[in-house]
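Working notes, structure below.
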Amino acid sequence: MITTAAKMRPGQSGMVVAITAGHGALARLRAMGVRPGVIITKTSGQPLRGPVTLRIGRTEVAVGHGLAARIEVEVEE
C-alpha cells in the first residue's frame, strides 16, 4: 500500500518510492538521506500538523508535516 510519510503510524516502516517536491525541498531531503529505495520508519508525529520524526538506518531526522506529506512510501503490511 502506498501512502505518505505524514500518514504513516508511529513505528510503521516502508520504502520510499517517490518524492513529489520542488528542487530545494528535494535537495534538502536527499541531504538527510531520504531518497527513493531507502527504508524509513516513522518514530513519532504530532496529530495536528506538527513535525514528523523519521528513522533512516541509525539516523533520526525531523521534517515538517508538509514536507513529510510529499514523501510517498510503500508500507509493509
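So you can find residues: chains in the C-alpha cells are A, B, ... in the order shown, residues in each start at 1, and ligands are numbered from 1 in order.
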> Could you write out, as a PyMOL selection string, all the residues of chain A that DSSP marks as helix (DSSP H, G or I)?
Replying inline: chain A and resi 23-32+65-68
Practice item. Find the residues around A:Gly64 up to 12 Å (only C-alpha atoms counted), leave out those fewer than 6 positions away in its own chain, and share them as a VMD selection string. Key: chain A and resid 5 to 6 25 28 to 29 44 to 46 48 to 54 70 to 71
*strand (DSSP E or B) residues, from DSSP on the backbone, in chain A, as a ChimeraX atom specification*: /A:2-4,13-19,39-45,52-56,59-63,71-75
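Computed from the coordinates, the atom CA of A:Val34 to atom CA of A:Glu77 distance equals 20.9 Å.
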Counting only C-alpha atoms, the residue among A:Val61, A:Met15, A:Met8, A:Leu67 that lies closest to A:Ala31 is A:Val61
request  = Write out as number ranges by chain each polymer residue whose atoms come within 10 Å of A:Lys7, counting only C-alpha atoms; drop sequence neighbours fewer than 6 positions from it.
outcome  = A: 42, 45, 47, 52, 65, 68-69, 72-73
Write out the residues from the selection above, keeping N, CA and C atoms, as a compact mmCIF listing (two decimals), in the first residue's frame.
```
# COMPACT_ATOMS: atom_id res chain seq x y z
N LYS A 42 8.72 5.67 10.68
CA LYS A 42 8.20 6.85 11.36
C LYS A 42 8.27 6.58 12.86
N GLY A 45 5.06 11.55 15.45
CA GLY A 45 4.40 12.60 14.69
C GLY A 45 3.31 13.22 15.52
N PRO A 47 -0.44 14.99 15.90
CA PRO A 47 -1.71 14.83 15.18
C PRO A 47 -2.16 16.09 14.44
N VAL A 52 7.37 15.63 11.96
CA VAL A 52 7.36 14.17 11.82
C VAL A 52 8.81 13.70 11.95
N HIS A 65 5.45 18.70 8.61
CA HIS A 65 4.33 17.89 8.15
C HIS A 65 4.12 18.03 6.65
N ALA A 68 6.76 16.03 4.86
CA ALA A 68 6.51 14.60 5.04
C ALA A 68 5.36 14.13 4.16
N ALA A 69 4.40 15.02 3.88
CA ALA A 69 3.27 14.66 3.02
C ALA A 69 3.70 14.49 1.57
N GLU A 72 6.33 9.81 -0.68
CA GLU A 72 5.47 8.65 -0.93
C GLU A 72 6.20 7.38 -0.52
N VAL A 73 5.52 6.57 0.30
CA VAL A 73 6.14 5.39 0.89
C VAL A 73 5.27 4.17 0.64
```
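Between atom CA of A:Arg35 and atom CA of A:Val75 the interatomic distance comes to 15.1 Å.
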Close residues, A:Glu74 itself excluded, 9 Å, only C-alpha atoms, min 3 positions apart in chain, as a PyMOL selection string:
chain A and resi 1-4+13-17
Between A:Arg55, A:Ala27, A:Gly22, A:Gly66, which is the closest to A:Thr41 once you count only C-alpha atoms?
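Ranked by minimum distance to A:Thr41, first place goes to A:Arg55.
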